[in-house]
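Single-structure report; data block below.
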Amino acid sequence: MAGFAIAAGLHASAPASSVNPPLFSLFADRARPVGQVLLSPPHLTGGEMAALEATLESGWVAPAGPVPAAFEAALSAATGFGHVLATASGTAALHLGYRCLGVSAGDEVWTSALTFVATVAPAVQMGAVPRFLDVDPASWTLDPDLLERELARAARAGRLPRAVVPVDLFGQPCDLDAIVALCDRWGVPVMCDSAGAVGASRGDGRHAGRGARLAVFSFNGNKIITAGGGGALASDEPELVARARSLSQAAREPGAHYQHETTGHAYGMSSLLAAVGLAQLGALPARVSARRAVFARYRAALGGLPGLSFMPEAPWCRASRWLTAVLLDPTQGAPDRDALRRHLSESGIESRPVWKPLHLQPVFRDAPRGGGAVAADLFERGLCLPSGSGMAPPEQDRVIAAVRALWPAA
C-alpha cells in the first residue's frame with residue numbers, strides 16, 4: 001500500500017494506518033446489500049489490481065505517459081477508429097466534440113429526445129439552443145424521416161443546426177448511415193453519442209459511431225467496459241482529435257512557457273483510470289456476448305407474458321444490449337411500469353425507467369422540439385431490467401420469477 005501513500009503526497013516511510021484508516025473500513029457501511037441484484041454493476045476481469053500497481057510503481061498517475069496512450073491505442077483497435085482521445089468523462093468528450101465542431105452561443109444543436117441529459121448539457125452550457133427530435137418506435141433511436149423533414153424546414157428558414165447528435169440508446173446503434181447521409185445533404189456535421197454502445201456494431205461490422213465525424217464513449221462504473229469513470233472522443237479525422245487533445249490540455253501552445261491563444265480544459269484521462277480500462281478492453285467481446293445472452297434468457301422466459309414486449313433490435317445493427325429494456329402495456333394484462341419497479345425493489349432487485357425524454361424535463365420546458373409522443377410513451381411504459389454481464393443464471397432466475405409473480409395467470 002506504500003504506492004497509495006506516495007501518490008497521496010505522504011512520506012513513503014509513514015505507515016498507511018498511521019495516516020488513514022484501513023481502506024476497506026471506509027466503505028464497510030456502504031457495502032452492497034447481501035443478495036441485491038443490481039442493474040448494471042461493474043464486472044472486473046481480475047487484472048485491474050496488477051495494472052494499477054504497475055502504474056503506481058511507474059510513477060505515472062496524471063493524464064500523461066504511456067498508459068493513457070496504450071488505452072487509446074487499444075480502444076482504436078477495438079472500435080476501428082483511426083484516432084482516439086481518452087478523457088476524464090464521456091461528458092468531457094462531448095464538450096470537446098462540440099468545441100471542435102464550432103458550436104457557439106445561439107447555435108442550434110439537435111439530438112434525440114430519448115437520452116441522458118449529458119448528451120446536450122455541454123452545448124447548452126456553451127449557449128447553444130437544443131432541439132429535441134422524436135425517436136422511431138422500431139428502434140427507439142432518432143427517427144431519420146423526422147430528421148429529414150426538420151432539416152428541410154430549417155433549410156427553408158435559413159436556420160440549420162450547427163450539429164446533429166444522434167444517440168446509440170442502451171447499446172443499440174442508431175441508423176447512422178441514413179442520418180449522416182441526410183446531414184451531408186445540408187452540410188451539417190454529425191457527432192454520435194455512443195456512450196453506452198462500446199462493443200455494438202452495425203450490420204457490415206463497423207463499430208457503433210463509425211461514419212460520424214466524431215463519436216463519444218463512456219467508461220462509467222455501469223458500462224460494459226468500465227474504468228470507474230472516464231470517456232473517449234474518437235474520429236477518423238486526425239485534425240479533429242488533435243484539436244480536442246490540445247483543448248483537453250488547457251489549450252497550451254508549444255513552448256517552454258505557458259502560452260494560450262484560447263482557453264481549454266483539464267479533460268485528460270488519468271493514468272489510473274486508463275490502467276483499469278486497459279485491463280478491461282480485452283474482455284469486450286465476451287462482455288457483449290454475455291449481455292446478449294442475458295437478453296436472450298429474459299426473452300425466452302418472459303416473452304410470452306401478456307402486455308410485455310422487449311426493445312427491438314434494429315435490422316441494421318448488432319446491439320450490445322448494455323441494458324435490457326421492456327415495455328409494459330396494462331391494457332393487455334401487464335402491470336404498469338411503476339408497479340413492477342416497486343415490486344422488484346421490494347424483492348431486492350434494482351430496475352430503472354427508460355430515460356425521461358429531454359423535452360419533458362423542466363430545465364428544457366421551453367426548448368424547441370419535433371414530435372415527442374413516441375419517446376414519451378416509451379418513458380411511461382419502459383423499464384430496464386438487471387443486465388450485468390457478470391449476473392449468474394440463479395440471479396437472473398430470481399429476477400424472472402419476481403417479474404412473473406405480477407402476472408397471476410403466468
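We name chains A, B, ... following the order of the C-alpha cells; residues begin at 1 in each chain, and ligands are numbered from 1 as shown.
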*Would you kindly return, as an MDAnalysis selection string, each protein, DNA or RNA residue with an atom no farther than 10 Å from any atom of Gln332 (chain A), considering only C-alpha atoms and excluding same-chain residues fewer than 4 positions away?*
chainID A and resid 305:308 328
Residues from last step as file, all heavy atoms, as an mmCIF file, in the first residue's frame:
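Generated output (selection.cif):
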```cif
data_model
loop_
_atom_site.group_PDB
_atom_site.id
_atom_site.type_symbol
_atom_site.label_atom_id
_atom_site.label_comp_id
_atom_site.auth_asym_id
_atom_site.auth_seq_id
_atom_site.Cartn_x
_atom_site.Cartn_y
_atom_site.Cartn_z
ATOM 1 N N LEU A 305 -45.450 -13.327 -21.812
ATOM 2 C CA LEU A 305 -46.341 -12.677 -20.849
ATOM 3 C C LEU A 305 -47.209 -11.640 -21.558
ATOM 4 O O LEU A 305 -46.706 -10.817 -22.323
ATOM 5 C CB LEU A 305 -45.540 -12.013 -19.743
ATOM 6 C CG LEU A 305 -44.740 -12.937 -18.816
ATOM 7 C CD1 LEU A 305 -43.930 -12.122 -17.816
ATOM 8 C CD2 LEU A 305 -45.670 -13.905 -18.092
ATOM 9 N N PRO A 306 -48.505 -11.635 -21.324
ATOM 10 C CA PRO A 306 -49.385 -10.665 -21.974
ATOM 11 C C PRO A 306 -48.993 -9.232 -21.627
ATOM 12 O O PRO A 306 -48.766 -8.899 -20.463
ATOM 13 C CB PRO A 306 -50.770 -11.003 -21.416
ATOM 14 C CG PRO A 306 -50.656 -12.402 -20.910
ATOM 15 C CD PRO A 306 -49.246 -12.561 -20.451
ATOM 16 N N GLY A 307 -48.890 -8.403 -22.648
ATOM 17 C CA GLY A 307 -48.617 -6.993 -22.436
ATOM 18 C C GLY A 307 -47.169 -6.652 -22.188
ATOM 19 O O GLY A 307 -46.860 -5.500 -21.889
ATOM 20 N N LEU A 308 -46.262 -7.619 -22.302
ATOM 21 C CA LEU A 308 -44.833 -7.339 -22.129
ATOM 22 C C LEU A 308 -44.119 -7.559 -23.449
ATOM 23 O O LEU A 308 -44.277 -8.603 -24.087
ATOM 24 C CB LEU A 308 -44.226 -8.223 -21.040
ATOM 25 C CG LEU A 308 -42.749 -7.957 -20.692
ATOM 26 C CD1 LEU A 308 -42.489 -8.229 -19.207
ATOM 27 C CD2 LEU A 308 -41.784 -8.807 -21.533
ATOM 28 N N LEU A 328 -44.291 -2.261 -21.061
ATOM 29 C CA LEU A 328 -45.440 -2.843 -20.370
ATOM 30 C C LEU A 328 -46.724 -2.157 -20.843
ATOM 31 O O LEU A 328 -46.801 -0.923 -20.879
ATOM 32 C CB LEU A 328 -45.288 -2.671 -18.863
ATOM 33 C CG LEU A 328 -44.016 -3.307 -18.283
ATOM 34 C CD1 LEU A 328 -43.724 -2.766 -16.907
ATOM 35 C CD2 LEU A 328 -44.140 -4.814 -18.259
#
```
*asked:* Just want the 7 Å neighbourhood of Ala113 (chain A), counted on only C-alpha atoms, with same-chain residues fewer than 4 positions away dropped. Output as a PyMOL selection string.
replied: chain A and resi 132-134+357-359+372+375
Give me, as CSV, each residue of region 213-282 of chain A that comes within 10 Å of region 164-183 of chain A, together with its shortest interatomic pair and the distance in Å at one decimal, counting only C-alpha atoms, with rows ordered by chain and rising residue number.
```
residue,atom,partner,partner_atom,distance
A:Arg213,CA,A:Val180,CA,9.1
A:Leu214,CA,A:Val165,CA,9.6
A:Ala215,CA,A:Val165,CA,9.3
A:Val216,CA,A:Val167,CA,9.7
A:Lys223,CA,A:Gly171,CA,9.7
A:Ile224,CA,A:Gly171,CA,9.4
```
Those same residues, written as a compact mmCIF listing (two decimals), in the first residue's frame with N, CA and C atoms?
```
# COMPACT_ATOMS: atom_id res chain seq x y z
N ARG A 213 -18.57 12.22 -37.84
CA ARG A 213 -17.29 12.91 -37.77
C ARG A 213 -16.62 12.68 -36.42
N LEU A 214 -17.42 12.58 -35.38
CA LEU A 214 -16.92 12.31 -34.04
C LEU A 214 -17.85 11.32 -33.37
N ALA A 215 -17.31 10.50 -32.49
CA ALA A 215 -18.12 9.61 -31.66
C ALA A 215 -17.60 9.69 -30.23
N VAL A 216 -18.53 9.51 -29.30
CA VAL A 216 -18.20 9.63 -27.87
C VAL A 216 -18.53 8.33 -27.17
N LYS A 223 -21.03 0.72 -17.14
CA LYS A 223 -20.90 0.40 -18.56
C LYS A 223 -20.31 -1.00 -18.77
N ILE A 224 -20.42 -1.50 -20.00
CA ILE A 224 -19.90 -2.83 -20.31
C ILE A 224 -18.40 -2.90 -20.04
```
Select from region 219-285 of chain A every residue with an atom at most 7 Å from any atom of region 97-103 of chain A, then for each give the shortest pair of atoms and their distance in Å to one decimal, using only C-alpha atoms, rows by chain and rising number, as JSON lines.
```
{"residue": "A:Leu240", "atom": "CA", "partner": "A:Cys100", "partner_atom": "CA", "distance": 6.3}
{"residue": "A:Arg243", "atom": "CA", "partner": "A:Cys100", "partner_atom": "CA", "distance": 6.7}
{"residue": "A:Ala244", "atom": "CA", "partner": "A:Cys100", "partner_atom": "CA", "distance": 6.5}
```
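By chain and then residue number, the residues within 9 Å of Gly203 (chain A) are A:Arg206, A:Pro315, A:Trp316, A:Cys317, A:Arg318, counting only C-alpha atoms and disregarding those fewer than 3 positions away in sequence.
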_I want to know what sits within 6 Å of Ser389 (chain A), based on only C-alpha atoms, with residues of the same chain fewer than 4 positions away left out; could you give that as a list in words?_
Arg287, Ala290 and Arg291 of chain A
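For region 136-260 of chain A, backbone-based DSSP assignment of strand (DSSP E) covers Ala163, Val164, Val165, Met191, Cys192, Asp193, Ser201, Arg202, Leu214, Ala215, Val216, Phe217, Ser218, Gly231, Ala232, Leu233, Ala234 and Ser235 of chain A.
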Please write the residues from the selection above to a file, keeping C-alpha atoms, as an mmCIF file, in the first residue's frame.
```cif
data_model
loop_
_atom_site.group_PDB
_atom_site.id
_atom_site.type_symbol
_atom_site.label_atom_id
_atom_site.label_comp_id
_atom_site.auth_asym_id
_atom_site.auth_seq_id
_atom_site.Cartn_x
_atom_site.Cartn_y
_atom_site.Cartn_z
ATOM 1 C CA ALA A 163 -24.565 19.858 -35.262
ATOM 2 C CA VAL A 164 -26.822 16.804 -35.079
ATOM 3 C CA VAL A 165 -26.077 14.370 -32.240
ATOM 4 C CA MET A 191 -21.350 13.618 -33.637
ATOM 5 C CA CYS A 192 -22.672 10.278 -32.393
ATOM 6 C CA ASP A 193 -23.289 9.793 -28.678
ATOM 7 C CA SER A 201 -21.758 -2.816 -34.301
ATOM 8 C CA ARG A 202 -23.670 -2.213 -37.485
ATOM 9 C CA LEU A 214 -16.917 12.307 -34.044
ATOM 10 C CA ALA A 215 -18.122 9.614 -31.657
ATOM 11 C CA VAL A 216 -18.203 9.632 -27.873
ATOM 12 C CA PHE A 217 -17.824 6.697 -25.481
ATOM 13 C CA SER A 218 -18.195 6.332 -21.709
ATOM 14 C CA GLY A 231 -14.658 8.550 -21.625
ATOM 15 C CA ALA A 232 -13.244 8.932 -25.103
ATOM 16 C CA LEU A 233 -13.646 11.030 -28.226
ATOM 17 C CA ALA A 234 -12.984 9.149 -31.472
ATOM 18 C CA SER A 235 -12.747 10.132 -35.118
#
```
*Residues within 9 Å of Gln280 (chain A), only C-alpha atoms, excluding chain neighbours under 3 positions, as an MDAnalysis selection string*: chainID A and resid 43:48 225:227 275:277 283:284
For the residues in the current selection, export C-alpha atoms as an mmCIF file, in the first residue's frame.
```
data_model
loop_
_atom_site.group_PDB
_atom_site.id
_atom_site.type_symbol
_atom_site.label_atom_id
_atom_site.label_comp_id
_atom_site.auth_asym_id
_atom_site.auth_seq_id
_atom_site.Cartn_x
_atom_site.Cartn_y
_atom_site.Cartn_z
ATOM 1 C CA HIS A 43 -17.678 -6.609 -13.985
ATOM 2 C CA LEU A 44 -13.956 -6.831 -13.342
ATOM 3 C CA THR A 45 -11.540 -9.088 -15.191
ATOM 4 C CA GLY A 46 -9.164 -9.747 -12.288
ATOM 5 C CA GLY A 47 -6.300 -7.927 -13.972
ATOM 6 C CA GLU A 48 -7.180 -4.459 -12.751
ATOM 7 C CA ILE A 225 -16.260 -1.740 -20.147
ATOM 8 C CA THR A 226 -15.547 0.394 -17.102
ATOM 9 C CA ALA A 227 -12.577 2.337 -15.849
ATOM 10 C CA ALA A 275 -4.893 1.287 -16.459
ATOM 11 C CA VAL A 276 -8.252 -0.096 -15.314
ATOM 12 C CA GLY A 277 -9.795 0.445 -18.734
ATOM 13 C CA ALA A 283 -12.806 -8.767 -22.388
ATOM 14 C CA LEU A 284 -15.066 -6.634 -24.590
#
```
For the interface of region 270-343 of chain A with region 138-142 of chain A (cut-off 7 Å, counting only C-alpha atoms), please tabulate each contacting residue of region 270-343 of chain A alongside its nearest pair of atoms and their separation in Å to one decimal, rows sorted by chain and increasing number, as CSV.
```
residue,atom,partner,partner_atom,distance
A:Pro312,CA,A:Ser139,CA,6.1
A:Glu313,CA,A:Ser139,CA,6.6
A:Ala314,CA,A:Ser139,CA,5.4
```
*Within 7 Å of Asp236 (chain A), counting only C-alpha atoms, which residues qualify if same-chain residues fewer than 4 places away don't, as a ChimeraX atom specification?*
/A:81-83
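Put simply, CA of Val109 (chain A) is 8.6 Å away from CA of Val124 (chain A).
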I want to know what sits within 8 Å of Leu38 (chain A), based on only C-alpha atoms, with residues of the same chain fewer than 5 positions away left out; could you give that as a PDB file with N, CA, C and O atoms, in the first residue's frame?
```
ATOM      1  N   ILE A 349     -34.282  -6.128  -5.994  1.00  0.00           N
ATOM      2  CA  ILE A 349     -33.846  -6.125  -7.392  1.00  0.00           C
ATOM      3  C   ILE A 349     -33.934  -4.695  -7.922  1.00  0.00           C
ATOM      4  O   ILE A 349     -34.990  -4.058  -7.853  1.00  0.00           O
ATOM      5  N   GLU A 350     -32.821  -4.202  -8.439  1.00  0.00           N
ATOM      6  CA  GLU A 350     -32.790  -2.845  -8.970  1.00  0.00           C
ATOM      7  C   GLU A 350     -33.278  -2.840 -10.415  1.00  0.00           C
ATOM      8  O   GLU A 350     -32.887  -3.678 -11.224  1.00  0.00           O
ATOM      9  N   SER A 351     -34.123  -1.880 -10.736  1.00  0.00           N
ATOM     10  CA  SER A 351     -34.537  -1.628 -12.117  1.00  0.00           C
ATOM     11  C   SER A 351     -34.622  -0.118 -12.286  1.00  0.00           C
ATOM     12  O   SER A 351     -34.510   0.630 -11.319  1.00  0.00           O
ATOM     13  N   PRO A 386     -32.186  -5.720 -14.632  1.00  0.00           N
ATOM     14  CA  PRO A 386     -30.777  -6.021 -14.369  1.00  0.00           C
ATOM     15  C   PRO A 386     -30.142  -6.728 -15.554  1.00  0.00           C
ATOM     16  O   PRO A 386     -30.697  -7.707 -16.075  1.00  0.00           O
ATOM     17  N   GLY A 388     -26.344  -7.003 -15.950  1.00  0.00           N
ATOM     18  CA  GLY A 388     -24.901  -7.121 -15.807  1.00  0.00           C
ATOM     19  C   GLY A 388     -24.323  -8.335 -16.499  1.00  0.00           C
ATOM     20  O   GLY A 388     -24.905  -9.426 -16.459  1.00  0.00           O
TER      21      GLY A 388
END
```
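If you measure from each of A:Asn220, A:Thr55, A:Thr262, A:Ser248 to His95 (chain A) using only C-alpha atoms, the closest one turns out to be A:Ser248.
The two atoms in question, CA of Ala118 (chain A) and CA of Ala157 (chain A), are spaced 28.4 Å apart.
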